[in-house]
$ cat work_28.csv   # CSV, C-alpha atoms
chain,number,residue,atom,x,y,z
X,1,MET,CA,11.5,39.1,-13.9
X,2,ALA,CA,11.1,37.7,-17.4
X,3,ILE,CA,12.1,34.1,-17.9
X,4,ASP,CA,14.8,33.4,-20.6
X,5,LEU,CA,12.9,30.9,-22.7
X,6,SER,CA,16.0,30.1,-24.7
X,7,MET,CA,17.7,28.4,-21.8
X,8,PRO,CA,18.1,24.7,-21.9
X,9,VAL,CA,15.9,22.7,-19.6
X,10,LEU,CA,16.6,19.2,-18.4
X,11,VAL,CA,13.6,17.0,-17.5
X,12,VAL,CA,14.4,13.9,-15.4
X,13,ASP,CA,11.9,11.1,-15.1
X,14,ASP,CA,11.9,7.3,-15.5
X,15,TYR,CA,8.4,7.4,-17.0
X,16,ASN,CA,8.4,8.3,-20.6
X,17,THR,CA,4.8,9.6,-20.6
X,18,MET,CA,5.6,12.0,-17.8
X,19,ILE,CA,8.7,13.3,-19.8
X,20,ARG,CA,6.4,13.8,-22.8
X,21,ILE,CA,3.7,15.6,-20.7
X,22,ILE,CA,6.3,18.0,-19.1
X,23,ARG,CA,8.0,18.5,-22.4
X,24,ASN,CA,4.7,19.5,-24.1
X,25,LEU,CA,3.8,21.9,-21.2
X,26,LEU,CA,7.2,23.5,-21.4
X,27,LYS,CA,6.8,24.0,-25.1
X,28,GLN,CA,3.4,25.6,-24.5
X,29,ILE,CA,5.1,28.0,-22.0
X,30,GLY,CA,7.7,28.8,-24.8
X,31,PHE,CA,10.8,26.7,-23.9
X,32,GLU,CA,12.4,25.2,-27.0
X,33,ASP,CA,15.6,23.6,-25.8
X,34,ILE,CA,14.4,20.6,-23.7
X,35,ASP,CA,16.5,17.5,-23.0
X,36,ASP,CA,15.5,14.5,-20.9
X,37,ALA,CA,17.2,11.8,-18.7
X,38,ALA,CA,15.7,8.6,-17.2
X,39,ASP,CA,17.4,8.8,-13.8
X,40,GLY,CA,19.7,10.9,-11.6
X,41,SER,CA,23.0,9.5,-12.8
X,42,ALA,CA,22.0,10.0,-16.5
X,43,ALA,CA,21.0,13.5,-15.7
X,44,LEU,CA,24.2,14.2,-13.8
X,45,GLY,CA,26.2,13.1,-16.9
X,46,LYS,CA,24.2,15.4,-19.2
X,47,MET,CA,24.6,18.3,-16.7
X,48,ARG,CA,28.4,17.9,-16.8
X,49,GLU,CA,28.3,18.1,-20.6
X,50,LYS,CA,25.8,20.9,-21.1
X,51,ARG,CA,24.9,23.9,-18.9
X,52,TYR,CA,21.2,23.8,-18.1
X,53,GLY,CA,19.2,26.8,-16.9
X,54,LEU,CA,16.6,24.6,-15.1
X,55,VAL,CA,16.3,21.0,-13.9
X,56,ILE,CA,12.8,19.5,-13.4
X,57,SER,CA,13.2,16.1,-11.7
X,58,ASP,CA,11.1,13.3,-10.4
X,59,TRP,CA,12.1,11.8,-7.0
X,60,ASN,CA,11.6,8.0,-7.2
X,61,MET,CA,14.0,6.6,-9.9
X,62,GLU,CA,16.6,3.9,-10.1
X,63,PRO,CA,19.5,3.7,-9.8
X,64,MET,CA,19.9,7.3,-8.7
X,65,THR,CA,16.9,9.1,-7.3
X,66,GLY,CA,16.0,12.8,-7.9
X,67,TYR,CA,16.8,13.4,-4.2
X,68,GLU,CA,20.3,12.0,-4.7
X,69,LEU,CA,20.7,14.0,-7.9
X,70,LEU,CA,19.7,17.2,-6.0
X,71,LYS,CA,22.3,16.6,-3.4
X,72,GLU,CA,25.0,15.8,-6.0
X,73,VAL,CA,24.1,19.0,-7.9
X,74,ARG,CA,24.3,21.2,-4.8
X,75,ALA,CA,27.6,19.6,-3.8
X,76,ASP,CA,29.2,20.2,-7.2
X,77,PRO,CA,30.5,23.9,-7.3
X,78,SER,CA,30.1,24.0,-11.1
X,79,LEU,CA,26.4,22.9,-10.9
X,80,SER,CA,25.3,24.1,-7.5
X,81,LYS,CA,23.6,27.3,-8.7
X,82,THR,CA,21.3,25.4,-11.2
X,83,PRO,CA,17.6,26.0,-10.4
X,84,PHE,CA,16.0,22.7,-9.4
X,85,ILE,CA,12.3,21.9,-9.3
X,86,MET,CA,11.1,18.5,-7.9
X,87,VAL,CA,8.0,17.1,-9.6
X,88,THR,CA,6.9,14.0,-7.7
X,89,ALA,CA,4.3,11.8,-6.2
X,90,GLU,CA,6.2,11.8,-3.0
X,91,SER,CA,3.7,13.8,-1.0
X,92,LYS,CA,4.8,13.4,2.6
X,93,THR,CA,5.8,16.4,4.7
X,94,GLU,CA,9.2,14.7,5.4
X,95,ASN,CA,10.0,14.6,1.7
X,96,VAL,CA,9.2,18.3,1.1
X,97,ILE,CA,11.3,19.3,4.2
X,98,ALA,CA,14.2,17.0,3.1
X,99,ALA,CA,14.2,18.4,-0.4
X,100,LYS,CA,14.1,22.0,0.9
X,101,LYS,CA,16.9,21.3,3.2
X,102,ALA,CA,18.9,19.8,0.3
X,103,GLY,CA,18.4,23.0,-1.6
X,104,VAL,CA,15.5,22.4,-4.0
X,105,ASN,CA,14.0,25.7,-5.4
X,106,ASN,CA,10.4,24.5,-5.6
X,107,TYR,CA,8.3,21.4,-5.2
X,108,ILE,CA,5.4,20.2,-7.2
X,109,VAL,CA,3.2,17.3,-6.2
X,110,LYS,CA,1.8,15.0,-8.9
X,111,PRO,CA,-0.7,15.0,-10.4
X,112,PHE,CA,-0.2,18.7,-11.3
X,113,ASN,CA,-1.6,21.0,-13.9
X,114,ALA,CA,0.0,23.4,-16.5
X,115,GLN,CA,-0.7,26.4,-14.4
X,116,THR,CA,1.1,25.0,-11.3
X,117,LEU,CA,4.2,24.1,-13.4
X,118,GLN,CA,4.3,27.6,-15.0
X,119,SER,CA,3.7,29.4,-11.7
X,120,LYS,CA,6.5,27.4,-9.9
X,121,ILE,CA,9.0,28.1,-12.8
X,122,GLN,CA,8.1,31.8,-12.6
X,123,ALA,CA,8.5,31.7,-8.7
X,124,VAL,CA,12.0,30.1,-9.1
X,125,PHE,CA,13.2,32.9,-11.4
X,126,ALA,CA,11.5,35.6,-9.5
X,127,ASP,CA,13.5,34.7,-6.4
C,1,MET,CA,0.6,-52.9,14.2
C,2,ALA,CA,3.8,-51.4,15.5
C,3,ARG,CA,5.7,-53.3,12.8
C,4,VAL,CA,3.4,-51.9,10.1
C,5,LYS,CA,4.0,-48.3,11.3
C,6,THR,CA,7.7,-48.9,11.5
C,7,GLN,CA,7.7,-50.0,7.9
C,8,GLN,CA,5.7,-46.9,7.0
C,9,LEU,CA,8.1,-44.8,8.9
C,10,GLU,CA,11.1,-46.4,7.1
C,11,SER,CA,9.5,-45.8,3.7
C,12,LEU,CA,8.8,-42.2,4.5
C,13,ILE,CA,12.4,-41.6,5.7
C,14,GLU,CA,13.6,-43.2,2.5
C,15,CYS,CA,11.3,-40.9,0.5
C,16,LEU,CA,12.7,-37.9,2.4
C,17,HIS,CA,16.3,-39.1,1.7
C,18,GLN,CA,15.5,-39.2,-2.0
C,19,LYS,CA,14.1,-35.6,-1.9
C,20,ARG,CA,17.2,-34.4,-0.1
C,21,GLN,CA,18.1,-32.2,-3.1
C,22,GLU,CA,14.6,-30.7,-3.4
C,23,ASP,CA,12.6,-28.7,-1.0
C,24,VAL,CA,10.9,-30.9,1.6
C,25,SER,CA,7.3,-29.6,2.1
C,26,LEU,CA,5.7,-28.9,5.4
C,27,ALA,CA,3.2,-31.7,4.4
C,28,ASP,CA,6.1,-34.2,4.2
C,29,VAL,CA,7.3,-33.2,7.6
C,30,LEU,CA,3.8,-33.4,9.1
C,31,SER,CA,3.3,-36.9,7.5
C,32,LEU,CA,6.5,-38.0,9.2
C,33,ALA,CA,5.4,-36.5,12.5
C,34,GLU,CA,2.0,-38.1,12.2
C,35,ILE,CA,3.4,-41.6,11.5
C,36,THR,CA,6.0,-41.2,14.2
C,37,ALA,CA,3.2,-40.2,16.7
C,38,GLN,CA,1.0,-43.2,15.6
C,39,SER,CA,4.0,-45.6,15.9
C,40,LEU,CA,4.8,-44.4,19.4
C,41,GLN,CA,1.1,-44.5,20.2
C,42,VAL,CA,1.1,-48.3,20.3
C,43,PHE,CA,4.1,-48.3,22.5
C,44,PHE,CA,2.7,-45.8,25.0
C,45,GLU,CA,-0.7,-47.5,25.1
C,46,THR,CA,0.9,-50.3,27.1
C,47,MET,CA,2.6,-47.8,29.5
C,48,ASP,CA,0.3,-45.0,30.5
C,49,THR,CA,-3.2,-44.0,29.4
C,50,ALA,CA,-2.5,-40.3,30.1
C,51,VAL,CA,0.5,-40.4,27.8
C,52,TYR,CA,-1.6,-42.2,25.3
C,53,ARG,CA,-4.3,-39.5,25.5
C,54,GLU,CA,-1.7,-36.9,25.0
C,55,MET,CA,-0.2,-38.6,22.0
C,56,HIS,CA,-3.7,-39.1,20.6
C,57,GLU,CA,-4.3,-35.3,20.9
C,58,ILE,CA,-1.0,-34.6,19.2
C,59,ALA,CA,-1.9,-36.9,16.4
C,60,GLY,CA,-5.3,-35.3,16.0
C,61,TYR,CA,-3.7,-31.8,16.0
C,62,ILE,CA,-1.3,-32.9,13.3
C,63,GLU,CA,-4.1,-34.4,11.3
C,64,ARG,CA,-6.0,-31.1,11.5
C,65,MET,CA,-3.0,-29.1,10.5
C,66,ARG,CA,-2.6,-31.3,7.4
C,67,GLY,CA,-6.2,-30.5,6.5
C,68,GLU,CA,-5.5,-26.8,7.0
C,69,ILE,CA,-2.4,-26.9,4.8
C,70,GLY,CA,-4.4,-28.7,2.2
C,71,ALA,CA,-7.1,-25.9,2.4
C,72,LEU,CA,-4.4,-23.3,2.0
C,73,GLN,CA,-3.6,-24.7,-1.5
C,74,VAL,CA,-0.2,-23.1,-1.7
C,75,ASP,CA,0.6,-24.7,-5.1
C,76,GLU,CA,-2.5,-23.2,-6.6
C,77,ILE,CA,-1.7,-19.7,-5.2
C,78,LYS,CA,2.0,-20.0,-6.4
C,79,LYS,CA,1.4,-21.5,-9.8
C,80,ASP,CA,-2.0,-20.1,-10.9
C,81,ARG,CA,-3.4,-17.2,-8.9
C,82,ILE,CA,-0.3,-15.0,-8.4
C,83,PRO,CA,1.0,-15.4,-12.0
C,84,ALA,CA,-2.5,-14.7,-13.3
C,85,ALA,CA,-2.7,-11.6,-11.2
C,86,GLY,CA,0.7,-10.5,-12.4
C,87,GLN,CA,-0.5,-10.9,-16.0
C,88,GLU,CA,-3.6,-8.9,-15.4
C,89,LEU,CA,-1.5,-6.0,-13.9
C,90,GLY,CA,0.9,-6.2,-16.8
C,91,ALA,CA,-2.1,-5.9,-19.2
C,92,ILE,CA,-3.4,-2.9,-17.2
C,93,VAL,CA,0.0,-1.1,-17.6
C,94,LYS,CA,0.1,-1.9,-21.3
C,95,SER,CA,-3.4,-0.7,-22.0
C,96,THR,CA,-3.1,2.5,-20.0
C,97,GLU,CA,0.2,3.2,-21.7
C,98,SER,CA,-1.3,2.6,-25.1
C,99,ALA,CA,-4.3,4.8,-24.4
C,100,THR,CA,-2.1,7.6,-23.0
C,101,ASN,CA,0.1,7.4,-26.1
C,102,THR,CA,-3.0,7.7,-28.4
C,103,ILE,CA,-4.4,10.6,-26.4
C,104,MET,CA,-1.0,12.4,-26.3
C,105,GLU,CA,-0.5,11.9,-30.1
C,106,CYS,CA,-3.9,13.5,-30.7
C,107,ALA,CA,-3.1,16.4,-28.4
C,108,GLU,CA,0.3,16.9,-30.0
C,109,ALA,CA,-1.2,16.8,-33.5
C,110,LEU,CA,-3.7,19.4,-32.5
C,111,MET,CA,-0.9,21.5,-30.9
C,112,CYS,CA,1.0,21.6,-34.1
C,113,ALA,CA,-2.0,21.9,-36.5
C,114,ASP,CA,-2.3,24.8,-38.9
C,115,ALA,CA,-5.5,26.6,-38.0
C,116,SER,CA,-5.5,28.9,-41.0
C,117,ASP,CA,-7.9,26.7,-42.9
C,118,PRO,CA,-10.9,26.5,-40.4
C,119,LYS,CA,-12.7,23.7,-42.3
C,120,ALA,CA,-9.6,21.5,-42.4
C,121,PHE,CA,-8.8,22.3,-38.8
C,122,GLN,CA,-12.3,21.5,-37.7
C,123,ALA,CA,-12.2,18.1,-39.5
C,124,LEU,CA,-8.8,17.4,-37.8
C,125,VAL,CA,-10.2,18.3,-34.4
C,126,GLN,CA,-13.2,16.0,-34.9
C,127,GLU,CA,-11.0,13.1,-36.1
C,128,LYS,CA,-8.7,13.4,-33.1
C,129,MET,CA,-11.7,13.7,-30.7
C,130,VAL,CA,-13.1,10.4,-31.9
C,131,LEU,CA,-9.7,8.8,-31.4
C,132,ILE,CA,-9.5,10.2,-27.8
C,133,PHE,CA,-13.0,8.9,-27.0
C,134,GLU,CA,-12.0,5.5,-28.4
C,135,ALA,CA,-8.8,5.4,-26.4
C,136,CYS,CA,-10.7,6.2,-23.2
C,137,SER,CA,-12.6,2.9,-23.5
C,138,PHE,CA,-9.5,1.3,-21.9
C,139,GLN,CA,-10.9,2.3,-18.5
C,140,ASP,CA,-13.8,-0.2,-18.6
C,141,ILE,CA,-11.5,-3.1,-19.3
C,142,THR,CA,-8.8,-2.1,-16.8
C,143,GLY,CA,-11.6,-1.7,-14.2
C,144,GLN,CA,-12.6,-5.4,-14.8
C,145,ARG,CA,-9.0,-6.5,-14.7
C,146,ILE,CA,-8.4,-4.7,-11.4
C,147,ALA,CA,-11.5,-6.4,-9.9
C,148,LYS,CA,-10.0,-9.8,-10.8
C,149,VAL,CA,-6.7,-8.9,-9.1
C,150,ILE,CA,-8.6,-7.7,-6.0
C,151,GLU,CA,-10.5,-10.9,-5.9
C,152,THR,CA,-7.3,-12.9,-6.0
C,153,LEU,CA,-5.8,-10.8,-3.1
C,154,GLN,CA,-9.0,-11.3,-1.1
C,155,ASN,CA,-8.9,-15.1,-1.8
C,156,ILE,CA,-5.3,-15.4,-0.6
C,157,GLU,CA,-6.0,-13.2,2.4
C,158,THR,CA,-9.0,-15.4,3.4
C,159,ARG,CA,-6.9,-18.6,3.1
C,160,VAL,CA,-3.9,-17.2,5.0
C,161,SER,CA,-6.1,-15.8,7.7
C,162,ARG,CA,-7.9,-19.1,8.2
C,163,PHE,CA,-4.5,-20.9,8.3
C,164,ALA,CA,-3.1,-18.4,10.8
C,165,ARG,CA,-6.2,-18.8,13.0
C,166,ALA,CA,-5.9,-22.6,12.9
C,167,VAL,CA,-2.2,-22.6,13.7
C,168,GLY,CA,-2.7,-19.9,16.4
C,169,THR,CA,0.2,-17.8,15.3
C,170,THR,CA,0.8,-14.3,16.8
C,171,PRO,CA,2.2,-11.5,14.6
C,172,PRO,CA,6.0,-11.4,14.8
C,173,THR,CA,7.5,-8.6,16.9
C,174,ASP,CA,10.5,-8.3,14.5
C,175,LYS,CA,9.0,-8.4,11.0
C,176,ALA,CA,12.5,-7.7,9.5
C,177,ALA,CA,13.7,-11.0,10.8
C,178,TYR,CA,11.4,-12.7,8.3
C,179,ALA,CA,12.5,-10.6,5.3
C,180,SER,CA,14.9,-11.9,2.6
C,181,ASP,CA,18.2,-10.1,2.0
C,182,GLN,CA,16.7,-8.5,-1.2
C,183,GLU,CA,13.6,-7.2,0.7
C,184,LYS,CA,15.9,-5.9,3.5
C,185,ALA,CA,18.0,-4.0,1.0
C,186,ARG,CA,15.0,-2.5,-0.7
C,187,ALA,CA,13.5,-1.5,2.6
C,188,GLU,CA,16.8,0.1,3.7
C,189,ARG,CA,17.0,2.0,0.4
C,190,ALA,CA,13.4,3.2,0.7
C,191,GLN,CA,14.0,4.4,4.2
C,192,ARG,CA,17.3,6.1,3.5
C,193,LEU,CA,16.0,7.9,0.3
C,194,LEU,CA,12.5,8.7,1.7
C,195,LEU,CA,10.8,6.6,-1.0
C,196,ASN,CA,7.3,6.6,0.4
C,197,GLY,CA,5.5,6.4,-2.9
C,198,PRO,CA,2.1,7.9,-3.7
C,199,GLN,CA,-0.1,8.4,-0.7
C,200,LEU,CA,-3.9,7.8,-0.4
C,201,ASP,CA,-6.3,10.7,0.0
C,202,GLY,CA,-6.0,12.1,3.4
C,203,GLN,CA,-2.5,10.9,3.9
C,204,ALA,CA,-0.8,13.1,1.3
C,205,ILE,CA,-0.2,16.8,1.6
C,206,ASP,CA,-1.6,19.0,-1.1
C,207,GLN,CA,0.2,21.6,-3.3
C,208,LYS,CA,-1.0,24.5,-1.0
C,209,THR,CA,0.6,22.9,2.1
C,210,VAL,CA,3.8,22.3,0.1
C,211,ASP,CA,3.7,26.0,-1.0
C,212,ASP,CA,3.3,27.0,2.7
C,213,LEU,CA,6.4,25.1,3.6
C,214,PHE,CA,8.3,27.1,1.0
C,215,LYS,CA,7.2,30.5,2.3

$ encode --input "work_28.csv" --output "structure tokens"
Amino acid sequence: MAIDLSMPVLVVDDYNTMIRIIRNLLKQIGFEDIDDAADGSAALGKMREKRYGLVISDWNMEPMTGYELLKEVRADPSLSKTPFIMVTAESKTENVIAAKKAGVNNYIVKPFNAQTLQSKIQAVFAD
Amino acid sequence: MARVKTQQLESLIECLHQKRQEDVSLADVLSLAEITAQSLQVFFETMDTAVYREMHEIAGYIERMRGEIGALQVDEIKKDRIPAAGQELGAIVKSTESATNTIMECAEALMCADASDPKAFQALVQEKMVLIFEACSFQDITGQRIAKVIETLQNIETRVSRFARAVGTTPPTDKAAYASDQEKARAERAQRLLLNGPQLDGQAIDQKTVDDLFK
């Protein structure tokens, strides 16, 4: 299934450099409409104002983590279908299992490369 | 002799009264205990040599503890070593951020560059490559800064271990009982939200294992 590259993507990370890296990789893939937020609550605010086709979020942020954001998104009927990829340094099995149980579509462990990001985005939209 | 010690004791109590609003150090408390023990020593000498010996040992132990507290140099750790280590770590964050920004700016400039003029494009690539090499020199300095922080941690560890051995402490069974409210709140949040942080090699699972969990 071809990915709709015109869909808006929201990148959530409290580290500006990581936002910049993911933004550039997404541009390389062909996405053009890319927004960002510094934590889960800022992301949730943006998601309630604009309909995003994909959310790529870090886990460890304050005040609201990516894990809390994921659970909020899945609990909100208007947002619950939004594809959600976790990109995080949280690399324990319990984190992956918890995220999967909460409804994450895919999980990328930092540090990652462009090919991994692209293949996970493709996998999400192939499902 | 007893009168002299009593006067010392009174002056120490007076000193502690004046410091009531401030933190009373462990050294102050030990000084008080030492003078108290020495004062009572004269009294017990006349009563029982066994008690005298006991008091003498207690006074000796207190004296040794004072020496150990001195060797710990808490003030130096608190005022000099930890702030200096914090400054080194701050400088590391700043220099890595600056280098990352430089490298990213170069990469972004090349991403957007017009390659239709090969000569101009080649010159731009060379210019940006030099900038990237220069930016990478941060690694040498941050390595030296990290070595200084490690040295500080090792120094503190040595002093604390020596003190723990001298005092003969055993590790607490309930570590949480020693944590501040702020530390307890952070630990509770980390546990509830699974904030484990980056793992060392061998403790983390790799992308392939993650992918297997999604099959």

$ residues_around --input "work_28.csv" --residues "Thr93 in chain X" --least-positions-apart "4" --cutoff "9 Å" --atoms "only C-alpha atoms" --output "tab-separated table (two decimals) with C-alpha atoms, in the coordinates of the input"
chain	number	residue	atom	x	y	z
X	97	ILE	CA	11.30	19.30	4.20
X	98	ALA	CA	14.20	17.00	3.10
C	204	ALA	CA	-0.80	13.10	1.30
C	205	ILE	CA	-0.20	16.80	1.60
C	209	THR	CA	0.60	22.90	2.10
C	210	VAL	CA	3.80	22.30	0.10
C	213	LEU	CA	6.40	25.10	3.60

$ atom_distance --input "work_28.csv" --atom1 "CA of Lys184 in chain C" --atom2 "CA of Phe163 in chain C"
25.8 Å

$ atom_distance --input "work_28.csv" --atom1 "CA of Ser6 in chain X" --atom2 "CA of Ala115 in chain C"
25.5 Å

$ interface_residues --input "work_28.csv" --of "chain X" --to "chain C" --cutoff "10 Å" --atoms "all atoms listed in the file" --output "NGL selection string"
:X and (16-17 or 20-21 or 24 or 27-28 or 59-61 or 64-68 or 88-98 or 100 or 104-112 or 116 or 120)

$ residues_around --input "work_28.csv" --residues "range 140-142 of chain C" --least-positions-apart "4" --cutoff "12 Å" --atoms "only C-alpha atoms" --output "NGL selection string"
:C and (88-97 or 99 or 134-136 or 146-149)

$ write_last_selection --input "work_28.csv" --atoms "C-alpha atoms" --output "PDB file, in the coordinates of the input"
ATOM      1  CA  GLU C  88      -3.600  -8.900 -15.400  1.00  0.00           C
ATOM      2  CA  LEU C  89      -1.500  -6.000 -13.900  1.00  0.00           C
ATOM      3  CA  GLY C  90       0.900  -6.200 -16.800  1.00  0.00           C
ATOM      4  CA  ALA C  91      -2.100  -5.900 -19.200  1.00  0.00           C
ATOM      5  CA  ILE C  92      -3.400  -2.900 -17.200  1.00  0.00           C
ATOM      6  CA  VAL C  93       0.000  -1.100 -17.600  1.00  0.00           C
ATOM      7  CA  LYS C  94       0.100  -1.900 -21.300  1.00  0.00           C
ATOM      8  CA  SER C  95      -3.400  -0.700 -22.000  1.00  0.00           C
ATOM      9  CA  THR C  96      -3.100   2.500 -20.000  1.00  0.00           C
ATOM     10  CA  GLU C  97       0.200   3.200 -21.700  1.00  0.00           C
ATOM     11  CA  ALA C  99      -4.300   4.800 -24.400  1.00  0.00           C
ATOM     12  CA  GLU C 134     -12.000   5.500 -28.400  1.00  0.00           C
ATOM     13  CA  ALA C 135      -8.800   5.400 -26.400  1.00  0.00           C
ATOM     14  CA  CYS C 136     -10.700   6.200 -23.200  1.00  0.00           C
ATOM     15  CA  ILE C 146      -8.400  -4.700 -11.400  1.00  0.00           C
ATOM     16  CA  ALA C 147     -11.500  -6.400  -9.900  1.00  0.00           C
ATOM     17  CA  LYS C 148     -10.000  -9.800 -10.800  1.00  0.00           C
ATOM     18  CA  VAL C 149      -6.700  -8.900  -9.100  1.00  0.00           C
TER      19      VAL C 149
END

$ closest_residue --input "work_28.csv" --among "X:Leu10, X:Ala37, X:Leu25, X:Ile56" --to "Gln118 in chain X" --atoms "only C-alpha atoms"
X:Leu25

$ atom_distance --input "work_28.csv" --atom1 "CA of Ile3 in chain X" --atom2 "CA of Ser78 in chain X"
21.7 Å

$ residues_around --input "work_28.csv" --residues "Ile69 in chain C" --least-positions-apart "5" --cutoff "9 Å" --atoms "only C-alpha atoms" --output "PyMOL selection string"
chain C and resi 26-27+64+74+163

$ write_last_selection --input "work_28.csv" --atoms "C-alpha atoms" --output "PDB file, in the coordinates of the input"
ATOM      1  CA  LEU C  26       5.700 -28.900   5.400  1.00  0.00           C
ATOM      2  CA  ALA C  27       3.200 -31.700   4.400  1.00  0.00           C
ATOM      3  CA  ARG C  64      -6.000 -31.100  11.500  1.00  0.00           C
ATOM      4  CA  VAL C  74      -0.200 -23.100  -1.700  1.00  0.00           C
ATOM      5  CA  PHE C 163      -4.500 -20.900   8.300  1.00  0.00           C
TER       6      PHE C 163
END

$ residues_around --input "work_28.csv" --residues "range 54-57 of chain C" --least-positions-apart "4" --cutoff "7 Å" --atoms "only C-alpha atoms" --output "compact mmCIF listing (two decimals) with C-alpha atoms, keeping the file's coordinate frame"
# COMPACT_ATOMS: atom_id res chain seq x y z
CA ALA C 37 3.20 -40.20 16.70
CA GLN C 41 1.10 -44.50 20.20
CA ALA C 50 -2.50 -40.30 30.10
CA TYR C 61 -3.70 -31.80 16.00

$ residues_near_point --input "work_28.csv" --point "(16.8, 27.1, -22.1)" --cutoff "7 Å" --atoms "only C-alpha atoms" --output "number ranges by chain"
X: 4-9, 31-33, 52-53

$ closest_residue --input "work_28.csv" --among "C:Ala179, C:Ala166, C:Arg192, C:Ile77" --to "Met65 in chain C" --atoms "only C-alpha atoms"
C:Ala166

$ closest_residue --input "work_28.csv" --among "X:Ile34, X:Ala43, X:Ala99, X:Ala123" --to "Ile22 in chain X" --atoms "only C-alpha atoms"
X:Ile34

$ residues_around --input "work_28.csv" --residues "Ala2 in chain X" --least-positions-apart "5" --cutoff "10 Å" --atoms "all atoms listed in the file" --output "MDAnalysis selection string"
chainID X and resid 122 125:126

$ write_last_selection --input "work_28.csv" --atoms "C-alpha atoms" --output "PDB file, in the coordinates of the input"
ATOM      1  CA  GLN X 122       8.100  31.800 -12.600  1.00  0.00           C
ATOM      2  CA  PHE X 125      13.200  32.900 -11.400  1.00  0.00           C
ATOM      3  CA  ALA X 126      11.500  35.600  -9.500  1.00  0.00           C
TER       4      ALA X 126
END

$ closest_residue --input "work_28.csv" --among "X:Asp35, X:Lys46, X:Ala75, X:Ile19" --to "Asp58 in chain X" --atoms "only C-alpha atoms"
X:Ile19

$ decode --input "work_28.csv" --residues "range 73-89 of chain X" --atoms "N, CA and C atoms" --output "CSV table (one decimal), in the first residue's frame"
chain,number,residue,atom,x,y,z
X,73,VAL,N,-4.5,9.0,23.6
X,73,VAL,CA,-5.0,9.0,22.2
X,73,VAL,C,-5.9,7.8,22.0
X,74,ARG,N,-5.5,6.6,22.5
X,74,ARG,CA,-6.3,5.4,22.3
X,74,ARG,C,-7.7,5.5,23.0
X,75,ALA,N,-7.7,6.3,24.1
X,75,ALA,CA,-8.9,6.4,24.9
X,75,ALA,C,-9.9,7.5,24.3
X,76,ASP,N,-9.4,8.3,23.4
X,76,ASP,CA,-10.2,9.4,22.8
X,76,ASP,C,-10.8,8.9,21.5
X,77,PRO,N,-12.1,8.7,21.4
X,77,PRO,CA,-12.7,8.2,20.2
X,77,PRO,C,-12.4,8.9,18.9
X,78,SER,N,-12.2,10.3,19.0
X,78,SER,CA,-11.9,11.0,17.8
X,78,SER,C,-10.4,10.9,17.4
X,79,LEU,N,-9.5,10.4,18.2
X,79,LEU,CA,-8.1,10.2,17.9
X,79,LEU,C,-7.6,8.8,17.9
X,80,SER,N,-8.5,7.9,18.4
X,80,SER,CA,-8.0,6.5,18.7
X,80,SER,C,-7.5,5.7,17.5
X,81,LYS,N,-7.9,6.1,16.3
X,81,LYS,CA,-7.4,5.4,15.1
X,81,LYS,C,-6.1,5.9,14.5
X,82,THR,N,-5.5,7.0,15.1
X,82,THR,CA,-4.3,7.6,14.6
X,82,THR,C,-3.1,6.6,14.7
X,83,PRO,N,-2.4,6.3,13.6
X,83,PRO,CA,-1.2,5.5,13.7
X,83,PRO,C,-0.2,6.1,14.6
X,84,PHE,N,0.4,5.3,15.5
X,84,PHE,CA,1.3,5.8,16.5
X,84,PHE,C,2.6,5.0,16.5
X,85,ILE,N,3.7,5.6,16.3
X,85,ILE,CA,5.0,4.9,16.4
X,85,ILE,C,5.8,5.5,17.5
X,86,MET,N,6.3,4.6,18.4
X,86,MET,CA,7.2,5.0,19.5
X,86,MET,C,8.6,5.0,19.1
X,87,VAL,N,9.4,6.1,19.2
X,87,VAL,CA,10.8,6.1,18.9
X,87,VAL,C,11.5,6.5,20.2
X,88,THR,N,12.2,5.5,20.8
X,88,THR,CA,12.6,5.8,22.2
X,88,THR,C,13.9,5.0,22.6
X,89,ALA,N,14.6,5.5,23.6
X,89,ALA,CA,15.7,4.8,24.2
X,89,ALA,C,15.3,3.8,25.2
